[in-house]
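Dropping data_37.pdb in here (PDB, C-alpha atoms):
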```
ATOM      1  CA  MET C   1      99.734 102.134  91.394
ATOM      2  CA  THR C   2     103.319 101.080  90.789
ATOM      3  CA  ASN C   3     105.516 102.889  88.311
ATOM      4  CA  GLU C   4     109.068 102.927  87.001
ATOM      5  CA  THR C   5     110.512 104.003  90.350
ATOM      6  CA  ASP C   6     109.094 100.949  92.145
ATOM      7  CA  LEU C   7     110.475  97.497  92.821
ATOM      8  CA  VAL C   8     108.004  94.669  93.220
ATOM      9  CA  LEU C   9     108.270  91.180  94.648
ATOM     10  CA  GLU C  10     105.307  88.824  94.342
ATOM     11  CA  ARG C  11     105.191  85.314  95.681
ATOM     12  CA  THR C  12     102.577  82.776  96.658
ATOM     13  CA  LEU C  13     103.658  81.429 100.015
ATOM     14  CA  ASP C  14     102.717  77.906 101.054
ATOM     15  CA  ALA C  15     101.553  78.972 104.496
ATOM     16  CA  PRO C  16      98.233  80.269 105.829
ATOM     17  CA  ILE C  17      97.680  84.007 106.038
ATOM     18  CA  ASP C  18      97.275  84.210 109.835
ATOM     19  CA  LEU C  19     100.676  82.588 110.380
ATOM     20  CA  VAL C  20     102.339  84.662 107.659
ATOM     21  CA  TRP C  21     100.943  87.786 109.287
ATOM     22  CA  MET C  22     102.164  86.666 112.706
ATOM     23  CA  ALA C  23     105.617  85.863 111.333
ATOM     24  CA  TYR C  24     105.747  89.287 109.704
ATOM     25  CA  THR C  25     104.460  91.467 112.499
ATOM     26  CA  ASP C  26     105.725  89.932 115.743
ATOM     27  CA  PRO C  27     109.290  91.208 116.277
ATOM     28  CA  GLU C  28     110.406  87.912 117.822
ATOM     29  CA  HIS C  29     109.224  86.040 114.731
ATOM     30  CA  LEU C  30     110.432  88.670 112.263
ATOM     31  CA  LYS C  31     113.972  88.318 113.627
ATOM     32  CA  GLN C  32     113.995  84.686 112.526
ATOM     33  CA  TRP C  33     113.618  85.274 108.785
ATOM     34  CA  PHE C  34     113.953  88.984 107.837
ATOM     35  CA  ALA C  35     117.693  88.843 107.029
ATOM     36  CA  PRO C  36     118.969  86.605 104.223
ATOM     37  CA  LYS C  37     121.083  83.927 105.961
ATOM     38  CA  PRO C  38     123.888  83.938 107.011
ATOM     39  CA  TYR C  39     122.989  87.515 107.911
ATOM     40  CA  GLN C  40     120.808  87.742 110.962
ATOM     41  CA  ILE C  41     118.636  90.193 112.830
ATOM     42  CA  THR C  42     119.862  90.658 116.375
ATOM     43  CA  GLU C  43     117.490  93.458 117.388
ATOM     44  CA  CYS C  44     114.005  94.297 116.184
ATOM     45  CA  GLN C  45     111.480  96.867 117.303
ATOM     46  CA  LEU C  46     108.120  96.971 115.579
ATOM     47  CA  ASP C  47     105.289  98.986 117.036
ATOM     48  CA  LEU C  48     102.331  97.967 114.913
ATOM     49  CA  THR C  49     100.552 101.315 114.833
ATOM     50  CA  PRO C  50     100.758 104.353 112.537
ATOM     51  CA  GLY C  51     103.648 106.514 113.735
ATOM     52  CA  GLY C  52     105.231 103.525 115.499
ATOM     53  CA  ILE C  53     108.862 102.483 115.240
ATOM     54  CA  PHE C  54     110.268  99.863 112.881
ATOM     55  CA  ARG C  55     113.928  99.251 113.559
ATOM     56  CA  ILE C  56     116.221  96.308 112.949
ATOM     57  CA  ARG C  57     119.865  95.592 113.568
ATOM     58  CA  MET C  58     121.415  93.271 111.022
ATOM     59  CA  VAL C  59     124.758  91.534 111.510
ATOM     60  CA  GLY C  60     126.635  89.213 109.193
ATOM     61  CA  PRO C  61     129.922  87.688 108.101
ATOM     62  CA  ASP C  62     133.144  89.708 108.222
ATOM     63  CA  GLY C  63     131.920  91.994 110.951
ATOM     64  CA  PHE C  64     128.995  93.383 108.969
ATOM     65  CA  ASP C  65     126.804  95.253 111.441
ATOM     66  CA  THR C  66     124.214  97.933 110.761
ATOM     67  CA  GLY C  67     124.480  99.057 114.360
ATOM     68  CA  HIS C  68     121.312 100.240 115.993
ATOM     69  CA  GLY C  69     120.186 101.464 112.601
ATOM     70  CA  THR C  70     117.990 104.372 111.654
ATOM     71  CA  PRO C  71     114.492 103.668 112.932
ATOM     72  CA  GLY C  72     111.778 103.750 110.289
ATOM     73  CA  CYS C  73     108.110 104.541 110.778
ATOM     74  CA  VAL C  74     104.986 102.397 110.446
ATOM     75  CA  LEU C  75     102.350 104.135 108.298
ATOM     76  CA  GLU C  76      99.466 101.724 107.745
ATOM     77  CA  VAL C  77      98.365  98.544 109.472
ATOM     78  CA  GLU C  78      95.441  96.436 108.248
ATOM     79  CA  ASP C  79      95.243  93.180 110.165
ATOM     80  CA  GLN C  80      96.253  90.227 107.953
ATOM     81  CA  ARG C  81      96.072  92.480 104.872
ATOM     82  CA  LYS C  82      98.575  95.297 104.741
ATOM     83  CA  LEU C  83     101.636  96.779 106.393
ATOM     84  CA  THR C  84     103.217  99.984 105.143
ATOM     85  CA  TRP C  85     106.339 101.566 106.563
ATOM     86  CA  THR C  86     108.919 104.087 105.408
ATOM     87  CA  SER C  87     112.569 104.845 106.027
ATOM     88  CA  ALA C  88     111.948 108.515 105.126
ATOM     89  CA  LEU C  89     110.436 109.049 108.577
ATOM     90  CA  GLY C  90     111.261 107.794 112.062
ATOM     91  CA  PRO C  91     108.896 107.115 114.950
ATOM     92  CA  GLY C  92     106.370 109.881 115.516
ATOM     93  CA  TYR C  93     106.736 110.779 111.809
ATOM     94  CA  ARG C  94     109.977 112.722 112.345
ATOM     95  CA  PRO C  95     111.903 113.068 109.041
ATOM     96  CA  ASN C  96     115.011 110.889 109.009
ATOM     97  CA  GLU C  97     118.594 111.795 108.331
ATOM     98  CA  MET C  98     119.698 109.430 105.593
ATOM     99  CA  GLY C  99     122.657 107.194 106.435
ATOM    100  CA  GLU C 100     124.822 104.751 104.513
ATOM    101  CA  GLY C 101     124.243 101.659 102.388
ATOM    102  CA  CYS C 102     120.600 100.580 102.498
ATOM    103  CA  GLU C 103     119.901 103.707 104.489
ATOM    104  CA  SER C 104     121.394 106.122 101.932
ATOM    105  CA  PHE C 105     118.039 106.717 100.202
ATOM    106  CA  PRO C 106     114.511 106.809 101.543
ATOM    107  CA  PHE C 107     111.958 104.245 100.447
ATOM    108  CA  THR C 108     108.490 103.179 101.461
ATOM    109  CA  ALA C 109     107.521  99.511 101.599
ATOM    110  CA  ILE C 110     103.921  98.474 101.004
ATOM    111  CA  VAL C 111     103.442  94.834 101.894
ATOM    112  CA  THR C 112     100.116  93.134 101.227
ATOM    113  CA  PHE C 113      98.769  89.684 101.986
ATOM    114  CA  GLU C 114      95.791  87.868 100.507
ATOM    115  CA  ASP C 115      94.326  84.461 101.212
ATOM    116  CA  ALA C 116      95.135  82.426  98.080
ATOM    117  CA  GLY C 117      93.099  79.379  99.183
ATOM    118  CA  ASN C 118      94.355  75.911 100.170
ATOM    119  CA  GLY C 119      96.290  77.398 103.079
ATOM    120  CA  LYS C 120      98.410  79.565 100.802
ATOM    121  CA  THR C 121      99.030  83.310 100.918
ATOM    122  CA  ALA C 122      99.586  85.737  98.066
ATOM    123  CA  TYR C 123     102.387  88.013  99.258
ATOM    124  CA  ARG C 124     103.350  91.244  97.534
ATOM    125  CA  ALA C 125     106.034  93.707  98.581
ATOM    126  CA  VAL C 126     106.456  96.996  96.736
ATOM    127  CA  ALA C 127     109.349  99.349  97.478
ATOM    128  CA  ILE C 128     108.671 102.862  96.223
ATOM    129  CA  HIS C 129     111.408 105.426  95.731
ATOM    130  CA  LYS C 130     111.618 109.112  94.972
ATOM    131  CA  ASP C 131     113.310 108.593  91.598
ATOM    132  CA  ILE C 132     114.777 106.047  89.206
ATOM    133  CA  ALA C 133     118.332 106.526  90.540
ATOM    134  CA  ASP C 134     117.260 105.383  94.022
ATOM    135  CA  LYS C 135     115.318 102.484  92.571
ATOM    136  CA  GLU C 136     118.388 101.393  90.601
ATOM    137  CA  ALA C 137     120.634 101.752  93.654
ATOM    138  CA  HIS C 138     118.217  99.547  95.604
ATOM    139  CA  GLU C 139     118.164  97.050  92.751
ATOM    140  CA  LYS C 140     121.963  96.917  92.610
ATOM    141  CA  MET C 141     122.084  96.308  96.358
ATOM    142  CA  GLY C 142     120.271  93.075  95.556
ATOM    143  CA  PHE C 143     116.610  93.857  96.121
ATOM    144  CA  HIS C 144     115.310  90.898  94.112
ATOM    145  CA  ASP C 145     117.720  88.323  95.547
ATOM    146  CA  GLY C 146     117.452  89.695  99.065
ATOM    147  CA  TRP C 147     113.714  90.133  99.258
ATOM    148  CA  GLY C 148     113.221  86.881  97.341
ATOM    149  CA  THR C 149     115.425  84.919  99.745
ATOM    150  CA  VAL C 150     113.701  86.291 102.801
ATOM    151  CA  ALA C 151     110.283  85.555 101.266
ATOM    152  CA  SER C 152     111.312  81.891 101.236
ATOM    153  CA  GLN C 153     112.534  82.195 104.807
ATOM    154  CA  LEU C 154     109.236  83.854 105.759
ATOM    155  CA  GLU C 155     107.321  80.954 104.211
ATOM    156  CA  GLU C 156     109.442  78.423 106.039
ATOM    157  CA  HIS C 157     109.131  80.238 109.358
ATOM    158  CA  ALA C 158     105.350  80.666 109.030
ATOM    159  CA  ARG C 159     105.000  76.944 108.236
ATOM    160  CA  SER C 160     107.023  76.069 111.310
ATOM    161  CA  LEU C 161     104.490  77.967 113.412
ATOM    162  CA  ALA C 162     101.719  75.658 112.162
ATOM    163  CA  VAL C 163     103.699  72.621 113.215
ATOM    164  CA  ARG C 164     104.248  74.115 116.653
ATOM    165  CA  ALA C 165     100.595  75.130 117.085
TER     166      ALA C 165
ATOM    167  CA  MET Z 166     106.880 114.798 122.699
ATOM    168  CA  THR Z 167     108.503 117.918 121.302
ATOM    169  CA  ASN Z 168     112.228 118.455 121.478
ATOM    170  CA  GLU Z 169     114.924 120.870 120.355
ATOM    171  CA  THR Z 170     114.356 120.148 116.673
ATOM    172  CA  ASP Z 171     110.694 121.182 116.849
ATOM    173  CA  LEU Z 172     108.944 124.499 116.314
ATOM    174  CA  VAL Z 173     105.687 125.058 118.146
ATOM    175  CA  LEU Z 174     102.877 127.544 117.705
ATOM    176  CA  GLU Z 175     100.063 127.601 120.265
ATOM    177  CA  ARG Z 176      97.081 129.896 120.122
ATOM    178  CA  THR Z 177      93.564 130.027 121.526
ATOM    179  CA  LEU Z 178      91.333 130.925 118.612
ATOM    180  CA  ASP Z 179      88.107 132.798 119.213
ATOM    181  CA  ALA Z 180      86.087 130.482 116.989
ATOM    182  CA  PRO Z 181      84.306 127.160 117.632
ATOM    183  CA  ILE Z 182      86.142 123.942 116.913
ATOM    184  CA  ASP Z 183      83.797 122.655 114.187
ATOM    185  CA  LEU Z 184      84.303 125.806 112.129
ATOM    186  CA  VAL Z 185      88.052 125.875 112.751
ATOM    187  CA  TRP Z 186      88.228 122.271 111.589
ATOM    188  CA  MET Z 187      86.170 123.072 108.490
ATOM    189  CA  ALA Z 188      88.347 126.094 107.700
ATOM    190  CA  TYR Z 189      91.458 123.938 108.064
ATOM    191  CA  THR Z 190      90.432 120.845 106.167
ATOM    192  CA  ASP Z 191      88.254 122.031 103.274
ATOM    193  CA  PRO Z 192      90.607 123.083 100.454
ATOM    194  CA  GLU Z 193      88.293 125.926  99.370
ATOM    195  CA  HIS Z 194      88.358 127.351 102.896
ATOM    196  CA  LEU Z 195      92.056 126.658 103.462
ATOM    197  CA  LYS Z 196      92.914 128.743 100.393
ATOM    198  CA  GLN Z 197      91.378 131.797 102.089
ATOM    199  CA  TRP Z 198      93.763 131.959 105.046
ATOM    200  CA  PHE Z 199      96.724 129.567 104.710
ATOM    201  CA  ALA Z 200      99.118 132.129 103.154
ATOM    202  CA  PRO Z 201     100.111 135.269 105.088
ATOM    203  CA  LYS Z 202      98.597 138.176 103.136
ATOM    204  CA  PRO Z 203      99.472 139.620 100.644
ATOM    205  CA  TYR Z 204     100.618 136.137  99.663
ATOM    206  CA  GLN Z 205      97.786 133.931  98.544
ATOM    207  CA  ILE Z 206      97.008 130.316  97.809
ATOM    208  CA  THR Z 207      95.830 129.879  94.241
ATOM    209  CA  GLU Z 208      95.661 126.087  94.215
ATOM    210  CA  CYS Z 209      95.029 123.612  97.001
ATOM    211  CA  GLN Z 210      94.561 119.868  97.028
ATOM    212  CA  LEU Z 211      93.868 118.157 100.319
ATOM    213  CA  ASP Z 212      92.704 114.569 100.414
ATOM    214  CA  LEU Z 213      91.782 114.046 104.036
ATOM    215  CA  THR Z 214      92.900 110.447 104.368
ATOM    216  CA  PRO Z 215      96.208 108.776 105.299
ATOM    217  CA  GLY Z 216      98.338 108.616 102.157
ATOM    218  CA  GLY Z 217      96.319 111.430 100.550
ATOM    219  CA  ILE Z 218      97.775 114.477  98.848
ATOM    220  CA  PHE Z 219      98.350 117.872 100.438
ATOM    221  CA  ARG Z 220      99.527 120.396  97.889
ATOM    222  CA  ILE Z 221      99.329 124.168  97.712
ATOM    223  CA  ARG Z 222     100.474 126.785  95.237
ATOM    224  CA  MET Z 223     101.400 130.095  96.842
ATOM    225  CA  VAL Z 224     101.861 133.314  94.889
ATOM    226  CA  GLY Z 225     102.840 136.756  96.117
ATOM    227  CA  PRO Z 226     104.291 140.172  95.363
ATOM    228  CA  ASP Z 227     107.150 140.567  92.865
ATOM    229  CA  GLY Z 228     106.243 137.428  90.967
ATOM    230  CA  PHE Z 229     106.721 135.046  93.904
ATOM    231  CA  ASP Z 230     105.233 131.723  92.862
ATOM    232  CA  THR Z 231     105.871 128.276  94.287
ATOM    233  CA  GLY Z 232     104.561 126.743  91.077
ATOM    234  CA  HIS Z 233     102.624 123.553  91.413
ATOM    235  CA  GLY Z 234     104.739 122.736  94.423
ATOM    236  CA  THR Z 235     105.904 119.409  95.743
ATOM    237  CA  PRO Z 236     102.875 117.523  97.012
ATOM    238  CA  GLY Z 237     103.030 116.435 100.637
ATOM    239  CA  CYS Z 238     101.276 113.492 102.244
ATOM    240  CA  VAL Z 239      98.516 113.323 104.856
ATOM    241  CA  LEU Z 240      99.444 110.907 107.657
ATOM    242  CA  GLU Z 241      96.786 111.130 110.370
ATOM    243  CA  VAL Z 242      93.255 112.492 110.439
ATOM    244  CA  GLU Z 243      91.156 112.609 113.605
ATOM    245  CA  ASP Z 244      87.937 114.519 113.024
ATOM    246  CA  GLN Z 245      88.008 117.879 114.832
ATOM    247  CA  ARG Z 246      91.094 116.778 116.764
ATOM    248  CA  LYS Z 247      94.209 116.203 114.720
ATOM    249  CA  LEU Z 248      95.746 116.533 111.271
ATOM    250  CA  THR Z 249      99.283 115.334 110.555
ATOM    251  CA  TRP Z 250     101.050 115.686 107.234
ATOM    252  CA  THR Z 251     104.616 115.580 106.002
ATOM    253  CA  SER Z 252     106.652 117.067 103.182
ATOM    254  CA  ALA Z 253     109.076 114.111 103.388
ATOM    255  CA  LEU Z 254     106.554 111.984 101.501
ATOM    256  CA  GLY Z 255     104.160 112.622  98.627
ATOM    257  CA  PRO Z 256     100.774 111.024  97.958
ATOM    258  CA  GLY Z 257     100.773 107.264  98.376
ATOM    259  CA  TYR Z 258     103.695 107.657 100.805
ATOM    260  CA  ARG Z 259     106.283 108.007  98.015
ATOM    261  CA  PRO Z 260     109.471 109.691  99.337
ATOM    262  CA  ASN Z 261     109.827 113.241  98.035
ATOM    263  CA  GLU Z 262     112.680 114.876  96.202
ATOM    264  CA  MET Z 263     113.461 117.986  98.224
ATOM    265  CA  GLY Z 264     113.192 121.290  96.339
ATOM    266  CA  GLU Z 265     114.034 124.915  97.099
ATOM    267  CA  GLY Z 266     113.130 127.414  99.814
ATOM    268  CA  CYS Z 267     110.455 126.020 102.138
ATOM    269  CA  GLU Z 268     110.798 122.737 100.295
ATOM    270  CA  SER Z 269     114.552 122.389 100.805
ATOM    271  CA  PHE Z 270     114.149 120.313 103.965
ATOM    272  CA  PRO Z 271     111.530 117.794 105.025
ATOM    273  CA  PHE Z 272     109.265 118.452 107.977
ATOM    274  CA  THR Z 273     106.182 116.937 109.505
ATOM    275  CA  ALA Z 274     103.376 119.118 110.838
ATOM    276  CA  ILE Z 275     101.193 117.872 113.672
ATOM    277  CA  VAL Z 276      98.207 120.143 114.139
ATOM    278  CA  THR Z 277      95.812 119.581 117.019
ATOM    279  CA  PHE Z 278      92.562 121.212 118.055
ATOM    280  CA  GLU Z 279      90.762 121.151 121.382
ATOM    281  CA  ASP Z 280      87.517 122.695 122.519
ATOM    282  CA  ALA Z 281      88.568 125.447 124.921
ATOM    283  CA  GLY Z 282      84.998 126.297 125.998
ATOM    284  CA  ASN Z 283      82.980 129.459 125.310
ATOM    285  CA  GLY Z 284      83.176 128.829 121.590
ATOM    286  CA  LYS Z 285      86.958 128.974 121.557
ATOM    287  CA  THR Z 286      89.478 126.483 120.219
ATOM    288  CA  ALA Z 287      92.935 125.633 121.519
ATOM    289  CA  TYR Z 288      95.099 125.318 118.402
ATOM    290  CA  ARG Z 289      98.589 123.849 118.388
ATOM    291  CA  ALA Z 290     100.876 123.352 115.421
ATOM    292  CA  VAL Z 291     104.171 121.527 115.809
ATOM    293  CA  ALA Z 292     106.699 121.316 112.979
ATOM    294  CA  ILE Z 293     109.203 118.512 113.515
ATOM    295  CA  HIS Z 294     112.508 118.337 111.666
ATOM    296  CA  LYS Z 295     115.293 115.837 111.269
ATOM    297  CA  ASP Z 296     117.878 118.050 112.983
ATOM    298  CA  ILE Z 297     118.539 121.438 114.549
ATOM    299  CA  ALA Z 298     119.921 122.904 111.304
ATOM    300  CA  ASP Z 299     116.603 122.324 109.529
ATOM    301  CA  LYS Z 300     114.682 123.683 112.480
ATOM    302  CA  GLU Z 301     116.819 126.839 112.429
ATOM    303  CA  ALA Z 302     116.411 127.191 108.666
ATOM    304  CA  HIS Z 303     112.645 126.955 109.105
ATOM    305  CA  GLU Z 304     112.792 129.494 111.928
ATOM    306  CA  LYS Z 305     114.814 131.935 109.808
ATOM    307  CA  MET Z 306     112.291 131.591 106.998
ATOM    308  CA  GLY Z 307     109.862 133.146 109.434
ATOM    309  CA  PHE Z 308     108.044 130.201 111.002
ATOM    310  CA  HIS Z 309     106.762 132.135 114.021
ATOM    311  CA  ASP Z 310     105.628 135.227 112.099
ATOM    312  CA  GLY Z 311     104.229 133.204 109.217
ATOM    313  CA  TRP Z 312     102.386 130.548 111.190
ATOM    314  CA  GLY Z 313     101.308 133.189 113.725
ATOM    315  CA  THR Z 314      99.861 135.444 111.037
ATOM    316  CA  VAL Z 315      97.962 132.636 109.376
ATOM    317  CA  ALA Z 316      96.625 131.488 112.757
ATOM    318  CA  SER Z 317      94.964 134.907 113.036
ATOM    319  CA  GLN Z 318      93.677 134.592 109.482
ATOM    320  CA  LEU Z 319      92.368 131.101 110.320
ATOM    321  CA  GLU Z 320      90.514 132.520 113.332
ATOM    322  CA  GLU Z 321      89.031 135.298 111.274
ATOM    323  CA  HIS Z 322      87.986 132.978 108.464
ATOM    324  CA  ALA Z 323      86.432 130.423 110.854
ATOM    325  CA  ARG Z 324      84.477 133.246 112.552
ATOM    326  CA  SER Z 325      83.186 134.428 109.192
ATOM    327  CA  LEU Z 326      81.735 130.940 108.625
ATOM    328  CA  ALA Z 327      79.607 131.343 111.776
ATOM    329  CA  VAL Z 328      78.191 134.600 110.501
ATOM    330  CA  ARG Z 329      77.351 132.999 107.171
ATOM    331  CA  ALA Z 330      75.797 129.904 108.767
TER     332      ALA Z 330
END
```

Turn the structure described in the file into structure tokens.
Amino acid sequence: MTNETDLVLERTLDAPIDLVWMAYTDPEHLKQWFAPKPYQITECQLDLTPGGIFRIRMVGPDGFDTGHGTPGCVLEVEDQRKLTWTSALGPGYRPNEMGEGCESFPFTAIVTFEDAGNGKTAYRAVAIHKDIADKEAHEKMGFHDGWGTVASQLEEHARSLAVRA
Amino acid sequence: MTNETDLVLERTLDAPIDLVWMAYTDPEHLKQWFAPKPYQITECQLDLTPGGIFRIRMVGPDGFDTGHGTPGCVLEVEDQRKLTWTSALGPGYRPNEMGEGCESFPFTAIVTFEDAGNGKTAYRAVAIHKDIADKEAHEKMGFHDGWGTVASQLEEHARSLAVRA
């Protein structure tokens, strides 16, 4: 289903699928790992239902601050299997005004999880764009490094939940 | 839920809800009424599932022809209750390149149906836009006349299904 306008990150995470799902879908957990450190998420809204809001505020060194950010829209939710959201729409499916930086082009993220056995989880994130130019812009912004780094942070955070449980 | 960037059409249709729903959601029926005559729909694809395609080709007098058109995306389907789709995304939730005319701005359509008793159906179509400029552009393109005319054609077509049944 992917094509030349897509970016794909695949990783087997050493953490069980229920904890990975929890770390991904609970805003309080998501804040802990979704930004590549030293960047951090200071605000997160995630309404886990089609049409629901997905909004983050990211801050970082040198005064970097996305502000309240343009809210995206949740499209699909399959418990412990799939989460799809888009920046092309806001909550209630209202089309978004595009902004700056990461918000200068619309993309849809399709994130899937599969039990890989032995307490591991196969994690796959696909970012789909309207054309190759947007894909390349996203790539140049550091898609692979960024999404790769936060995948490791996701793994670490999900594992920490097992220890706490 | 509507605001100043929305356009709303409300109409009580003199046709029962099951036939109105059928007329709206079966591509072969939709082709019969979705374009204000003398315009007509010569091609229609509607995959009635979230992420599915919604595409029409409209042709009219003086060589008017939308061509294959930019495919939109179905977002929500509630049998005999609700159909939501958007032109901001294509099938599989891929963000769309905006085109010309009606396709120059993204909008989401939320169409709801309610049994109004006595074989009638309360029909409501809301078009939501990213800003007032797009709403006004849509209005100037003839939203109220166009969607009003096709609501009457929808009523007529749904009634004809009762006669045939």

Within 12 Å of chain Z, which residues of chain C show up? Give each one with its shortest atom-to-atom distance in Å (one decimal) and the two atoms involved, counting all atoms listed in the file, rows by chain then rising residue number, as CSV.
```
residue,atom,partner,partner_atom,distance
C:Met1,CA,Z:Gly257,CA,8.7
C:Thr2,CA,Z:Gly257,CA,10.1
C:Asn3,CA,Z:Arg259,CA,11.0
C:Thr5,CA,Z:Arg259,CA,9.6
C:Asp6,CA,Z:Arg259,CA,9.6
C:Thr49,CA,Z:Glu241,CA,11.4
C:Pro50,CA,Z:Glu241,CA,8.1
C:Gly51,CA,Z:Leu240,CA,8.6
C:Thr70,CA,Z:Lys295,CA,11.8
C:Cys73,CA,Z:Leu240,CA,11.2
C:Val74,CA,Z:Leu240,CA,10.5
C:Leu75,CA,Z:Leu240,CA,7.4
C:Glu76,CA,Z:Pro215,CA,8.1
C:Val77,CA,Z:Pro215,CA,11.3
C:Thr84,CA,Z:Tyr258,CA,8.8
C:Trp85,CA,Z:Tyr258,CA,8.8
C:Thr86,CA,Z:Tyr258,CA,7.8
C:Ser87,CA,Z:Pro260,CA,8.8
C:Ala88,CA,Z:Pro260,CA,6.4
C:Leu89,CA,Z:Ala253,CA,7.4
C:Gly90,CA,Z:Lys295,CA,9.0
C:Pro91,CA,Z:Met166,CA,11.1
C:Gly92,CA,Z:Met166,CA,8.7
C:Tyr93,CA,Z:Thr273,CA,6.6
C:Arg94,CA,Z:Ile293,CA,6.0
C:Pro95,CA,Z:Lys295,CA,4.9
C:Asn96,CA,Z:Lys295,CA,5.4
C:Glu97,CA,Z:Lys295,CA,6.0
C:Met98,CA,Z:Lys295,CA,9.6
C:Phe105,CA,Z:Pro260,CA,9.1
C:Pro106,CA,Z:Pro260,CA,6.2
C:Phe107,CA,Z:Pro260,CA,6.1
C:Thr108,CA,Z:Arg259,CA,6.3
C:Ala109,CA,Z:Tyr258,CA,9.0
C:Ile110,CA,Z:Tyr258,CA,9.2
C:Val126,CA,Z:Arg259,CA,11.1
C:Ala127,CA,Z:Arg259,CA,9.2
C:Ile128,CA,Z:Arg259,CA,5.9
C:His129,CA,Z:Pro260,CA,5.9
C:Lys130,CA,Z:Pro260,CA,4.9
C:Asp131,CA,Z:Glu262,CA,7.8
C:Ile132,CA,Z:Glu262,CA,11.5
C:Ala133,CA,Z:Glu262,CA,11.6
C:Asp134,CA,Z:Pro260,CA,10.4
C:Lys135,CA,Z:Pro260,CA,11.5
```

Hey, what comes out of the PyMOL selection byres ((chain C and resi 119) around 7) on this file? Could you write it as an NGL selection string?
:C and (14-16 or 117-118 or 120-121)

The PyMOL selection byres ((chain Z and resi 194) around 12) resolved against shown file, as an mmCIF file with C-alpha atoms, keeping the file's coordinate frame:
```cif
data_model
loop_
_atom_site.group_PDB
_atom_site.id
_atom_site.type_symbol
_atom_site.label_atom_id
_atom_site.label_comp_id
_atom_site.auth_asym_id
_atom_site.auth_seq_id
_atom_site.Cartn_x
_atom_site.Cartn_y
_atom_site.Cartn_z
ATOM 1 C CA LEU Z 184 84.303 125.806 112.129
ATOM 2 C CA VAL Z 185 88.052 125.875 112.751
ATOM 3 C CA TRP Z 186 88.228 122.271 111.589
ATOM 4 C CA MET Z 187 86.170 123.072 108.490
ATOM 5 C CA ALA Z 188 88.347 126.094 107.700
ATOM 6 C CA TYR Z 189 91.458 123.938 108.064
ATOM 7 C CA THR Z 190 90.432 120.845 106.167
ATOM 8 C CA ASP Z 191 88.254 122.031 103.274
ATOM 9 C CA PRO Z 192 90.607 123.083 100.454
ATOM 10 C CA GLU Z 193 88.293 125.926 99.370
ATOM 11 C CA LEU Z 195 92.056 126.658 103.462
ATOM 12 C CA LYS Z 196 92.914 128.743 100.393
ATOM 13 C CA GLN Z 197 91.378 131.797 102.089
ATOM 14 C CA TRP Z 198 93.763 131.959 105.046
ATOM 15 C CA PHE Z 199 96.724 129.567 104.710
ATOM 16 C CA ALA Z 200 99.118 132.129 103.154
ATOM 17 C CA ILE Z 206 97.008 130.316 97.809
ATOM 18 C CA THR Z 207 95.830 129.879 94.241
ATOM 19 C CA GLU Z 208 95.661 126.087 94.215
ATOM 20 C CA CYS Z 209 95.029 123.612 97.001
ATOM 21 C CA GLN Z 210 94.561 119.868 97.028
ATOM 22 C CA LEU Z 211 93.868 118.157 100.319
ATOM 23 C CA GLN Z 318 93.677 134.592 109.482
ATOM 24 C CA LEU Z 319 92.368 131.101 110.320
ATOM 25 C CA GLU Z 320 90.514 132.520 113.332
ATOM 26 C CA GLU Z 321 89.031 135.298 111.274
ATOM 27 C CA HIS Z 322 87.986 132.978 108.464
ATOM 28 C CA ALA Z 323 86.432 130.423 110.854
ATOM 29 C CA ARG Z 324 84.477 133.246 112.552
ATOM 30 C CA SER Z 325 83.186 134.428 109.192
ATOM 31 C CA LEU Z 326 81.735 130.940 108.625
#
```

What is the distance, in Å and to one decimal place, between atom CA of Z:Ala327 and atom CA of Z:Phe308?
28.5 Å

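We find atom CA of C:Asp18 and atom CA of C:Val111 to be spaced 14.6 Å apart.
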
Return as number ranges by chain the set of residues that the PyMOL selection byres ((chain C and resi 101) around 10) yields on the displayed structure.
C: 66, 98-100, 102-105, 137-138, 141

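Of the residues under consideration (Z:Val315, Z:Ala281, Z:Leu248, Z:Ala290), Z:Ala281 shows the shortest atom-to-atom contact distance to Z:Ile182 when counting all atoms listed in the file.
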